[in-house]
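What follows is the content of coords02.txt, which has compact mmCIF, C-alpha atoms and all ligand atoms:
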```
# COMPACT_ATOMS: atom_id res chain seq x y z
CA MET A 1 124.72 -86.75 118.14
CA GLU A 2 126.94 -88.15 115.40
CA ASN A 3 127.74 -85.60 112.72
CA PHE A 4 126.86 -82.71 115.02
CA ASN A 5 129.30 -80.32 113.36
CA LEU A 6 128.02 -81.22 109.93
CA PHE A 7 124.47 -80.76 111.17
CA ILE A 8 125.22 -77.25 112.44
CA LYS A 9 126.92 -76.40 109.15
CA ASP A 10 123.80 -77.44 107.23
CA LEU A 11 121.57 -75.62 109.69
CA LYS A 12 123.64 -72.49 109.18
CA THR A 13 123.13 -72.68 105.44
CA LEU A 14 119.41 -73.37 105.86
CA ILE A 15 118.93 -70.37 108.15
CA SER A 16 120.79 -68.15 105.68
CA TYR A 17 117.99 -68.54 103.13
CA LYS A 18 115.50 -65.75 103.65
CA SER A 19 112.69 -68.17 102.95
CA VAL A 20 109.82 -65.76 103.50
CA LYS A 21 107.01 -66.09 100.96
CA GLY A 22 107.86 -63.92 97.98
CA LYS A 23 106.62 -63.13 94.54
CA SER A 24 105.80 -66.19 92.50
CA GLU A 25 108.27 -66.65 89.65
CA ASP A 26 108.66 -69.20 86.92
CA GLY A 27 109.43 -72.48 88.70
CA ALA A 28 109.42 -70.79 92.10
CA PRO A 29 105.79 -70.63 93.23
CA PHE A 30 106.63 -69.05 96.59
CA GLY A 31 109.64 -66.99 95.48
CA ALA A 32 113.29 -67.72 94.75
CA GLU A 33 114.51 -67.94 98.36
CA ILE A 34 112.09 -70.72 99.31
CA LYS A 35 112.95 -72.59 96.13
CA ASN A 36 116.67 -72.27 96.88
CA ALA A 37 116.19 -73.45 100.45
CA LEU A 38 114.18 -76.45 99.28
CA GLN A 39 116.72 -77.35 96.63
CA PHE A 40 119.55 -77.11 99.14
CA PHE A 41 117.67 -79.45 101.49
CA LEU A 42 116.98 -81.98 98.75
CA ARG A 43 120.58 -81.82 97.53
CA ARG A 44 121.85 -82.53 101.04
CA ALA A 45 119.42 -85.47 101.32
CA LYS A 46 120.79 -86.92 98.10
CA GLU A 47 124.36 -86.43 99.31
CA LEU A 48 123.41 -88.30 102.49
CA GLY A 49 122.23 -91.15 100.29
CA LEU A 50 118.47 -90.65 100.49
CA PRO A 51 116.27 -90.48 97.39
CA THR A 52 114.18 -87.35 96.85
CA ILE A 53 111.21 -86.03 94.89
CA ASN A 54 110.64 -82.37 94.10
CA TYR A 55 106.99 -81.51 93.55
CA ASP A 56 107.80 -78.59 91.25
CA ASN A 57 109.20 -76.50 94.09
CA TYR A 58 105.84 -76.53 95.89
CA MET A 59 107.00 -79.28 98.21
CA GLY A 60 109.82 -81.77 98.51
CA GLU A 61 110.00 -85.37 99.68
CA VAL A 62 112.78 -87.57 101.01
CA PHE A 63 112.01 -91.24 101.49
CA LEU A 64 113.47 -94.41 102.91
CA GLY A 65 112.46 -98.05 103.13
CA GLU A 66 109.48 -100.07 102.02
CA GLY A 67 106.28 -101.14 103.73
CA GLU A 68 103.51 -99.39 105.61
CA GLU A 69 103.92 -95.66 105.12
CA ILE A 70 104.79 -93.18 107.86
CA GLY A 71 104.64 -89.52 106.98
CA ILE A 72 106.67 -86.76 108.57
CA ILE A 73 105.93 -83.20 107.50
CA GLY A 74 107.60 -79.92 108.37
CA HIS A 75 108.25 -76.73 106.46
CA ILE A 76 111.09 -74.64 105.19
CA ASP A 77 109.26 -71.34 104.77
CA VAL A 78 109.36 -68.82 107.61
CA VAL A 79 107.45 -65.74 108.71
CA PRO A 80 109.12 -62.34 108.14
CA SER A 81 111.79 -61.46 110.69
CA GLY A 82 110.10 -58.31 112.00
CA ASN A 83 111.87 -55.85 114.28
CA GLY A 84 113.61 -56.19 117.61
CA TRP A 85 116.36 -58.68 116.83
CA ASN A 86 119.69 -58.54 118.66
CA THR A 87 121.37 -60.53 115.86
CA ASP A 88 120.95 -60.90 112.09
CA PRO A 89 117.84 -63.14 111.87
CA PHE A 90 119.12 -64.83 108.71
CA SER A 91 122.54 -65.70 110.03
CA LEU A 92 122.79 -68.50 112.60
CA SER A 93 124.45 -67.19 115.72
CA GLU A 94 125.23 -68.75 119.07
CA LYS A 95 125.61 -67.19 122.50
CA ASP A 96 126.00 -68.98 125.83
CA GLY A 97 124.79 -72.30 124.46
CA THR A 98 121.75 -70.89 122.64
CA TYR A 99 121.30 -70.52 118.89
CA TYR A 100 119.43 -67.63 117.30
CA GLY A 101 117.87 -67.25 113.87
CA ARG A 102 114.52 -67.00 112.11
CA GLY A 103 113.09 -70.43 111.47
CA LEU A 104 115.31 -72.14 114.03
CA SER A 105 112.50 -73.83 115.95
CA ASP A 106 109.80 -73.16 113.36
CA ASP A 107 110.67 -75.31 111.55
CA LYS A 108 114.12 -75.70 110.03
CA THR A 109 115.91 -77.49 112.88
CA PRO A 110 113.23 -80.16 113.40
CA LEU A 111 113.06 -80.79 109.67
CA LEU A 112 116.82 -81.16 109.36
CA LEU A 113 116.96 -83.38 112.45
CA CYS A 114 114.47 -85.75 110.85
CA LEU A 115 116.63 -85.88 107.72
CA TYR A 116 119.75 -86.72 109.72
CA ILE A 117 117.87 -89.37 111.69
CA LEU A 118 116.61 -91.02 108.51
CA LYS A 119 120.21 -91.20 107.32
CA GLU A 120 121.21 -92.82 110.63
CA LEU A 121 118.36 -95.30 110.28
CA LYS A 122 119.56 -96.17 106.78
CA ASP A 123 123.17 -96.56 107.95
CA SER A 124 122.12 -98.69 110.93
CA LYS A 125 121.25 -101.55 108.55
CA ILE A 126 118.22 -102.35 110.71
CA PRO A 127 115.76 -104.18 108.43
CA LEU A 128 113.05 -101.69 107.58
CA THR A 129 109.40 -102.64 107.82
CA LYS A 130 108.12 -99.16 106.99
CA LYS A 131 108.39 -96.59 104.27
CA TYR A 132 109.32 -93.23 105.78
CA ARG A 133 108.23 -90.22 103.74
CA LEU A 134 109.61 -86.88 104.93
CA PHE A 135 107.79 -83.94 103.34
CA ILE A 136 109.33 -80.50 103.13
CA GLY A 137 106.54 -77.95 103.01
CA CYS A 138 107.10 -74.53 101.43
CA ASP A 139 103.90 -72.65 102.24
CA GLU A 140 102.91 -73.60 105.79
CA GLU A 141 102.96 -70.04 107.09
CA SER A 142 100.77 -68.60 104.36
CA GLY A 143 98.10 -70.75 102.81
CA TRP A 144 99.14 -74.39 102.49
CA GLN A 145 99.16 -74.15 98.70
CA ASP A 146 102.11 -76.55 98.86
CA VAL A 147 99.84 -79.22 100.33
CA GLU A 148 97.09 -78.55 97.79
CA TYR A 149 99.55 -78.89 94.93
CA ALA A 150 101.26 -82.01 96.25
CA LYS A 151 97.83 -83.65 96.64
CA THR A 152 97.43 -83.46 92.87
CA LYS A 153 100.70 -85.38 92.46
CA THR A 154 100.76 -87.91 95.28
CA VAL A 155 98.71 -89.49 98.05
CA PHE A 156 99.89 -88.57 101.54
CA PRO A 157 100.35 -91.41 104.04
CA SER A 158 97.43 -92.08 106.40
CA PHE A 159 99.58 -91.93 109.52
CA GLY A 160 102.34 -89.60 110.51
CA PHE A 161 103.53 -86.72 112.59
CA SER A 162 104.56 -83.14 112.16
CA PRO A 163 107.55 -81.79 114.10
CA ASP A 164 105.88 -78.38 114.00
CA GLY A 165 103.88 -78.15 117.21
CA ASP A 166 104.50 -78.87 120.86
CA PHE A 167 105.75 -81.70 123.02
CA PRO A 168 104.65 -84.06 124.39
CA VAL A 169 102.33 -85.09 121.53
CA SER A 170 98.97 -83.64 120.51
CA TYR A 171 96.60 -86.34 119.40
CA ALA A 172 93.70 -83.97 118.67
CA GLU A 173 93.12 -80.54 117.17
CA LYS A 174 89.94 -78.53 117.22
CA GLY A 175 87.98 -77.79 114.07
CA MET A 176 87.65 -74.20 112.92
CA ALA A 177 84.87 -72.26 111.26
CA ILE A 178 84.31 -68.61 110.44
CA ALA A 179 80.88 -67.33 111.42
CA THR A 180 79.74 -63.93 110.16
CA PHE A 181 76.88 -62.36 112.11
CA ILE A 182 74.93 -59.70 110.29
CA PHE A 183 73.15 -56.75 111.95
CA ASP A 184 71.53 -53.53 110.82
CA LYS A 185 74.03 -50.74 110.54
CA PRO A 186 73.87 -48.00 113.18
CA LYS A 187 71.83 -44.83 112.71
CA ASN A 188 73.99 -42.28 114.48
CA PHE A 189 77.35 -43.60 113.39
CA ILE A 190 78.98 -43.47 110.00
CA ASP A 191 81.46 -46.33 110.13
CA ILE A 192 82.97 -48.98 112.39
CA LYS A 193 86.12 -50.94 111.73
CA GLY A 194 88.16 -53.33 113.81
CA GLY A 195 90.44 -56.35 113.58
CA THR A 196 92.88 -57.28 110.86
CA VAL A 197 92.78 -61.07 110.81
CA ILE A 198 90.15 -63.59 111.64
CA ASN A 199 92.34 -65.64 114.00
CA ALA A 200 93.44 -62.94 116.44
CA VAL A 201 91.47 -61.14 119.12
CA CYS A 202 90.71 -57.60 117.88
CA ALA A 203 93.14 -55.24 119.61
CA PHE A 204 92.13 -52.01 117.90
CA ALA A 205 88.81 -50.74 116.62
CA THR A 206 87.43 -47.39 115.55
CA LEU A 207 84.00 -45.88 115.26
CA ILE A 208 83.13 -42.73 113.33
CA ALA A 209 80.20 -40.89 114.91
CA LYS A 210 77.81 -38.26 113.66
CA ASP A 211 77.80 -35.21 115.96
CA CYS A 212 74.85 -36.66 117.89
CA GLY A 213 76.90 -39.81 118.55
CA ILE A 214 79.46 -38.06 120.75
CA ASP A 215 78.93 -38.22 124.51
CA GLU A 216 81.98 -37.45 126.65
CA LYS A 217 80.65 -39.15 129.76
CA LEU A 218 79.88 -42.37 127.94
CA LEU A 219 83.23 -42.30 126.18
CA TYR A 220 84.85 -42.18 129.60
CA LYS A 221 82.59 -44.94 130.92
CA HIS A 222 83.64 -47.31 128.14
CA ASN A 223 87.29 -46.34 128.18
CA LEU A 224 87.18 -44.90 124.67
CA MET A 225 89.20 -42.09 123.16
CA LEU A 226 87.86 -39.34 120.97
CA LYS A 227 90.19 -38.34 118.13
CA GLU A 228 89.84 -35.80 115.35
CA ASN A 229 86.85 -35.85 113.00
CA ASN A 230 84.60 -37.71 115.46
CA VAL A 231 86.75 -40.83 115.33
CA ILE A 232 86.40 -42.92 118.50
CA GLU A 233 89.18 -45.35 119.29
CA SER A 234 89.04 -48.54 121.31
CA ILE A 235 92.19 -50.35 122.37
CA GLY A 236 92.28 -53.96 123.54
CA VAL A 237 94.84 -56.70 123.88
CA SER A 238 95.47 -59.22 121.12
CA ALA A 239 95.64 -62.98 121.63
CA HIS A 240 95.29 -65.97 119.39
CA GLY A 241 91.74 -66.46 118.16
CA SER A 242 91.71 -69.95 119.62
CA HIS A 243 92.20 -68.46 123.10
CA PRO A 244 89.96 -65.39 123.29
CA GLU A 245 90.07 -65.55 127.09
CA LEU A 246 93.72 -64.45 126.96
CA GLY A 247 92.95 -61.18 125.15
CA LYS A 248 90.76 -58.14 125.59
CA ASN A 249 88.46 -57.49 122.68
CA ALA A 250 88.39 -53.89 121.40
CA ILE A 251 85.05 -54.29 119.64
CA LYS A 252 82.86 -54.82 122.69
CA PRO A 253 83.28 -51.33 124.26
CA LEU A 254 82.27 -49.72 120.96
CA LEU A 255 79.11 -51.81 120.75
CA SER A 256 78.29 -51.04 124.40
CA TYR A 257 78.82 -47.35 123.75
CA MET A 258 76.48 -47.40 120.78
CA CYS A 259 73.87 -49.30 122.82
CA ASP A 260 74.01 -46.61 125.51
CA LEU A 261 73.22 -44.13 122.76
CA GLY A 262 70.14 -46.02 121.62
CA GLU A 263 71.48 -48.39 118.97
CA ASP A 264 70.37 -52.00 119.27
CA TYR A 265 73.37 -54.28 119.57
CA ASN A 266 72.33 -56.00 122.79
CA ASP A 267 72.02 -59.36 121.07
CA ALA A 268 75.47 -58.99 119.55
CA ILE A 269 76.93 -58.29 122.97
CA ASP A 270 74.95 -60.97 124.78
CA TYR A 271 75.63 -63.78 122.32
CA LEU A 272 79.00 -62.98 120.77
CA PHE A 273 80.75 -61.40 123.74
CA ASN A 274 78.92 -62.75 126.81
CA ASP A 275 78.26 -66.24 125.43
CA LYS A 276 74.51 -66.31 126.02
CA TRP A 277 74.48 -69.60 124.08
CA GLY A 278 76.72 -71.19 126.68
CA LEU A 279 79.10 -72.43 123.98
CA ASN A 280 82.00 -72.41 126.43
CA ASN A 281 80.21 -75.01 128.50
CA ILE A 282 79.93 -77.43 125.59
CA LYS A 283 82.93 -79.63 126.23
CA THR A 284 84.45 -82.91 125.21
CA GLU A 285 87.68 -84.52 126.31
CA GLN A 286 89.42 -82.23 123.82
CA GLY A 287 88.19 -79.01 125.41
CA ASN A 288 85.31 -76.62 124.87
CA ILE A 289 83.86 -74.58 122.02
CA THR A 290 85.27 -71.07 121.73
CA LEU A 291 84.03 -68.10 119.76
CA SER A 292 86.11 -65.00 119.21
CA PRO A 293 84.53 -61.99 117.44
CA ASP A 294 87.68 -60.73 115.75
CA VAL A 295 86.68 -58.48 112.85
CA ILE A 296 83.94 -55.86 112.54
CA LYS A 297 83.05 -53.83 109.47
CA ILE A 298 80.23 -52.24 107.55
CA GLU A 299 79.68 -53.91 104.24
CA ASN A 300 76.77 -53.73 101.79
CA ASP A 301 74.93 -51.45 104.20
CA LYS A 302 75.08 -54.02 107.00
CA LEU A 303 77.17 -54.30 110.13
CA LYS A 304 79.11 -57.56 110.10
CA ILE A 305 81.01 -59.28 112.89
CA LEU A 306 83.31 -62.12 111.86
CA CYS A 307 84.04 -64.74 114.49
CA ASP A 308 86.68 -67.42 114.85
CA VAL A 309 84.87 -70.53 116.06
CA ARG A 310 86.81 -73.56 117.37
CA PHE A 311 85.21 -76.84 118.30
CA PRO A 312 86.52 -80.13 119.65
CA ALA A 313 85.85 -83.59 118.23
CA PRO A 314 83.34 -85.17 117.95
CA ILE A 315 81.27 -81.96 117.77
CA THR A 316 80.33 -81.01 114.22
CA LEU A 317 79.64 -77.69 112.59
CA ASP A 318 76.00 -78.70 112.11
CA GLU A 319 75.60 -79.06 115.86
CA ILE A 320 77.00 -75.57 116.32
CA LYS A 321 74.59 -74.19 113.74
CA THR A 322 71.71 -75.71 115.71
CA VAL A 323 72.91 -73.73 118.72
CA PHE A 324 73.33 -70.51 116.69
CA ASP A 325 69.81 -70.92 115.28
CA LYS A 326 68.30 -70.68 118.77
CA SER A 327 69.23 -67.00 118.88
CA GLY A 328 67.38 -66.02 115.73
CA LEU A 329 70.43 -63.98 114.69
CA CYS A 330 71.23 -63.66 111.01
CA TYR A 331 74.51 -65.38 110.17
CA ASP A 332 76.61 -67.18 107.63
CA VAL A 333 79.15 -69.84 108.51
CA SER A 334 81.91 -71.59 106.61
CA LEU A 335 84.14 -74.45 107.69
CA LYS A 336 87.89 -73.74 107.54
CA HIS A 337 88.91 -77.18 108.70
CA ASP A 338 87.40 -80.08 110.54
CA THR A 339 88.51 -81.63 113.80
CA GLN A 340 91.54 -83.91 113.86
CA LEU A 341 91.55 -86.90 116.18
CA VAL A 342 93.94 -89.83 116.41
CA ALA A 343 93.42 -92.73 118.82
CA LYS A 344 95.33 -91.99 122.02
CA GLU A 345 95.90 -95.68 122.66
CA GLY A 346 96.96 -96.42 119.08
CA ASN A 347 100.49 -97.44 118.11
CA LEU A 348 101.43 -94.08 116.60
CA VAL A 349 100.60 -91.93 119.63
CA SER A 350 101.84 -94.46 122.15
CA THR A 351 105.19 -94.88 120.38
CA LEU A 352 105.73 -91.12 120.31
CA ILE A 353 104.70 -90.45 123.90
CA THR A 354 106.88 -93.34 125.09
CA ALA A 355 109.88 -91.92 123.24
CA TYR A 356 109.24 -88.50 124.77
CA ASN A 357 108.84 -89.83 128.29
CA GLU A 358 111.80 -92.18 128.17
CA ILE A 359 114.21 -89.55 126.88
CA THR A 360 113.02 -86.71 129.11
CA GLY A 361 112.20 -88.79 132.19
CA ASN A 362 108.72 -87.32 132.26
CA ASN A 363 105.44 -89.06 132.74
CA SER A 364 103.40 -86.99 130.29
CA VAL A 365 100.19 -87.96 128.56
CA PRO A 366 99.06 -87.00 125.03
CA VAL A 367 97.31 -83.63 124.86
CA SER A 368 94.86 -81.91 122.54
CA GLN A 369 95.25 -78.41 121.18
CA SER A 370 93.14 -75.58 119.80
CA GLY A 371 95.46 -74.44 117.03
CA SER A 372 95.95 -76.13 113.70
CA THR A 373 99.21 -77.71 112.55
CA PHE A 374 100.58 -79.54 109.54
CA ALA A 375 99.62 -82.75 111.37
CA ARG A 376 96.26 -82.54 109.65
CA VAL A 377 97.89 -83.11 106.26
CA PHE A 378 97.73 -86.80 107.24
CA PRO A 379 94.28 -88.24 108.02
CA PHE A 380 95.77 -89.66 111.23
CA GLY A 381 98.48 -87.14 111.88
CA VAL A 382 99.70 -85.77 115.19
CA ALA A 383 101.93 -82.86 116.15
CA PHE A 384 105.07 -83.92 118.00
CA GLY A 385 107.46 -81.23 119.27
CA PRO A 386 109.66 -79.29 118.95
CA GLU A 387 108.49 -76.79 121.59
CA PHE A 388 108.81 -78.06 125.12
CA PRO A 389 106.08 -77.30 127.66
CA ASN A 390 106.70 -74.10 129.62
CA GLU A 391 109.46 -72.96 127.29
CA ASN A 392 109.16 -70.10 124.87
CA ALA A 393 111.30 -70.33 121.74
CA SER A 394 109.98 -66.95 120.49
CA ILE A 395 108.43 -68.54 117.44
CA HIS A 396 107.15 -65.88 115.01
CA GLU A 397 108.77 -63.25 117.25
CA ALA A 398 112.10 -61.46 117.40
CA ASN A 399 115.12 -63.47 118.63
CA GLU A 400 113.70 -66.89 117.81
CA HIS A 401 116.03 -69.28 119.56
CA LEU A 402 116.85 -72.83 120.54
CA SER A 403 119.29 -73.97 123.19
CA GLU A 404 121.84 -76.60 122.26
CA LYS A 405 120.54 -78.68 125.15
CA ASN A 406 117.01 -78.69 123.74
CA LEU A 407 118.29 -79.27 120.23
CA LEU A 408 120.08 -82.42 121.38
CA LEU A 409 117.13 -83.51 123.49
CA THR A 410 114.82 -83.08 120.50
CA TYR A 411 117.24 -85.11 118.41
CA GLU A 412 117.20 -87.95 120.95
CA ILE A 413 113.40 -87.94 121.18
CA TYR A 414 112.89 -87.90 117.40
CA LYS A 415 115.54 -90.56 116.91
CA LYS A 416 113.94 -92.93 119.37
CA ALA A 417 110.48 -92.27 117.95
CA ILE A 418 111.52 -92.73 114.33
CA PHE A 419 113.53 -95.89 115.04
CA ASP A 420 110.81 -97.36 117.28
CA LEU A 421 108.07 -96.74 114.72
CA ASN A 422 109.91 -99.19 112.47
CA GLY A 423 109.36 -101.89 115.10
CA VAL A 424 105.61 -101.31 115.30
CA GLU A 425 103.70 -104.05 113.55
CA LYS A 426 100.87 -101.83 112.38
CA LEU A 427 100.21 -98.15 112.94
ZN ZN B 501 105.65 -73.93 111.75
```

Written form, structure tokens:
Amino acid sequence: MENFNLFIKDLKTLISYKSVKGKSEDGAPFGAEIKNALQFFLRRAKELGLPTINYDNYMGEVFLGEGEEIGIIGHIDVVPSGNGWNTDPFSLSEKDGTYYGRGLSDDKTPLLLCLYILKELKDSKIPLTKKYRLFIGCDEESGWQDVEYAKTKTVFPSFGFSPDGDFPVSYAEKGMAIATFIFDKPKNFIDIKGGTVINAVCAFATLIAKDCGIDEKLLYKHNLMLKENNVIESIGVSAHGSHPELGKNAIKPLLSYMCDLGEDYNDAIDYLFNDKWGLNNIKTEQGNITLSPDVIKIENDKLKILCDVRFPAPITLDEIKTVFDKSGLCYDVSLKHDTQLVAKEGNLVSTLITAYNEITGNNSVPVSQSGSTFARVFPFGVAFGPEFPNENASIHEANEHLSEKNLLLTYEIYKKAIFDLNGVEKL
């Protein structure tokens, strides 16, 4: 990589910004650190000879060329560092050929690589047939308010990729909805609570029983623990809500326990936990429907179970409602986002997968995924790297890292992809 030392110097500066979402201030909607990181990035782009736009510190843009538009979108905000680091998370460090720092893989390095590659493309004097628009998101980790704001100021390109997912390339993402199932509250129990977020398998839930709701034998049977003041605890294992099969839900044992004591939650267990609908068998090429009951609470005198529902294209939410209706259960459902699907054989996906395969020597095919990425900012957007299959960069965890080898490999893949897209007649 040309300019490698300069690249590392810029990366070092970028990592040093503690760009975790902070208090909104005048001119800094997501806090001063994110604004400073964005402004540094845009200043470096200008110094490298690329024009920029700042959407009022909600989002930035660097662009190059003229013609059919190609979008690239990453983000400069990061999740909090958390505990367990062996190094200062906001100071780039290197040990045995591996770099460490919060935001290294997610998503500062990929974003900066794309900037450096655009500069190389400019310097190459290759006649450009495309307009490249690199967007620097500032609120990817929290609520995508950056995207919402930028939409009021510009129109995003139809086609593009986000270097904020996995290799090889994911051409499809499932849709997501939140379904709330409503049941009568229990008679012999005062309260039930479990789950913190809608997109993670509930790993901890509690039930508060009246005296008649305590039965030692049944507690033992369901692996529950009795604490002070008739509080019953259930412990599970968390997993992403898009992969409930990888976790162990803490809500189910509490419902089973209550059923054994005469409460009627058999439907809740059968449908929500044992998939009586057979949702998991409804499949397309992009995978199957999943439902993860992640939050339970008593609200307005009713027991409510909130579920993370994921569905592959071309299935629609209406079709899922038709399935739900068969149960006669009372529910409410809202769409979080629709499915994303880009033609596998189209020029965008085929250019990216070819670049990946040629540089890595693999023979991979485009994949679909259950999670949601910035790719969906573009109507025909795909996620493309930077995580390699079977490698764990500790994204969102302590000691987030990236080996120099993978950094350079990612650079080569992105460079080939970005240069080759210019040669495509039409996306
Ligand atoms: Zn990210």

Output as a tab-separated table one row per residue of chain A within 7 Å of ligand ZN 501 (chain B): the closest atom pair and its distance in Å to one decimal place, counting all atoms listed in the file, sorted by chain and residue number ascending.
```
residue	atom	partner	partner_atom	distance
A:His75	CA	B:ZN501	ZN	6.5
A:Asp106	CA	B:ZN501	ZN	4.5
A:Asp107	CA	B:ZN501	ZN	5.2
A:Glu140	CA	B:ZN501	ZN	6.6
A:Glu141	CA	B:ZN501	ZN	6.6
A:Asp164	CA	B:ZN501	ZN	5.0
```

Skip Val20 of chain A itself and residues of its chain fewer than 2 positions away, then list as a PyMOL selection string all residues within 6 Å of it, counting all atoms listed in the file. chain A and resi 18+77-80

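Distance annotation: of A:Glu94, A:Asp10, A:Asp146, A:Asp338, the residue with the minimal separation from Ala177 of chain A is A:Asp338; atom set is only C-alpha atoms.
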
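Minimum atom-to-atom distances from A:Gly371, A:Pro163, A:Gly213, A:Gly195 to Asn249 of chain A were compared using only C-alpha atoms, and the lowest value belongs to A:Gly195.
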
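The coordinates place atom CA of Glu285 of chain A at 9.8 Å from atom CA of Val367 of chain A.
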
Judged by only C-alpha atoms, the minimum distance to Glu387 of chain A among A:Asp211, A:Asp166, A:Asp325, A:Asp26 is found for A:Asp166

Rank nothing, just name the residue among A:Gly74, A:Gly65, A:Gly49, A:Pro312 nearest to Ile126 of chain A, using only C-alpha atoms. A:Gly65

Please determine the residues with any atom at most 9 Å from (116.4, -68.9, 110.0) (coordinates as given in the file, with all atoms listed in the file counting) and report them as a list of chain:residue names.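 Using all atoms listed in the file, the matching residues come out as A:Leu11, A:Lys12, A:Thr13, A:Leu14, A:Ile15, A:Ser16, A:Tyr17, A:Lys18, A:Ser19, A:Val78, A:Ser81, A:Pro89, A:Phe90, A:Ser91, A:Leu92, A:Tyr100, A:Gly101, A:Arg102, A:Gly103, A:Leu104, A:Ser105, A:Asp106, A:Asp107, A:Lys108, A:Glu400.
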
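Comparing the minimum interatomic distances between Leu207 of chain A and each of A:Phe161, A:Tyr171, A:Tyr257, A:Tyr414, counting only C-alpha atoms, we find that A:Tyr257 sits nearest.
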
Contact residues around Leu317 of chain A with all atoms listed in the file at 8 Å, ignoring same-chain residues under 2 positions, as a VMD selection string: chain A and resid 177 315 319 to 321 335

So, with only C-alpha atoms as the atoms that count, which of A:Ile53, A:Leu218, A:Ala383, A:Met59 lies closest to Gln145 of chain A? A:Met59

Give me, as a Markdown table, the closest atom pair and its distance (Å, one decimal) for every residue of segment 324-400 of chain A within a cut-off of 10 Å of segment 277-283 of chain A, counting only C-alpha atoms, rows sorted by chain and rising number.
```
| residue | atom | partner | partner_atom | distance |
| --- | --- | --- | --- | --- |
| A:Phe324 | CA | A:Trp277 | CA | 7.5 |
| A:Lys326 | CA | A:Trp277 | CA | 8.2 |
| A:Ser327 | CA | A:Trp277 | CA | 7.8 |
```

For atom CA of Lys35 of chain A and atom CA of Phe63 of chain A, determine how far apart the two atoms are, in Å to one decimal place. 19.4 Å
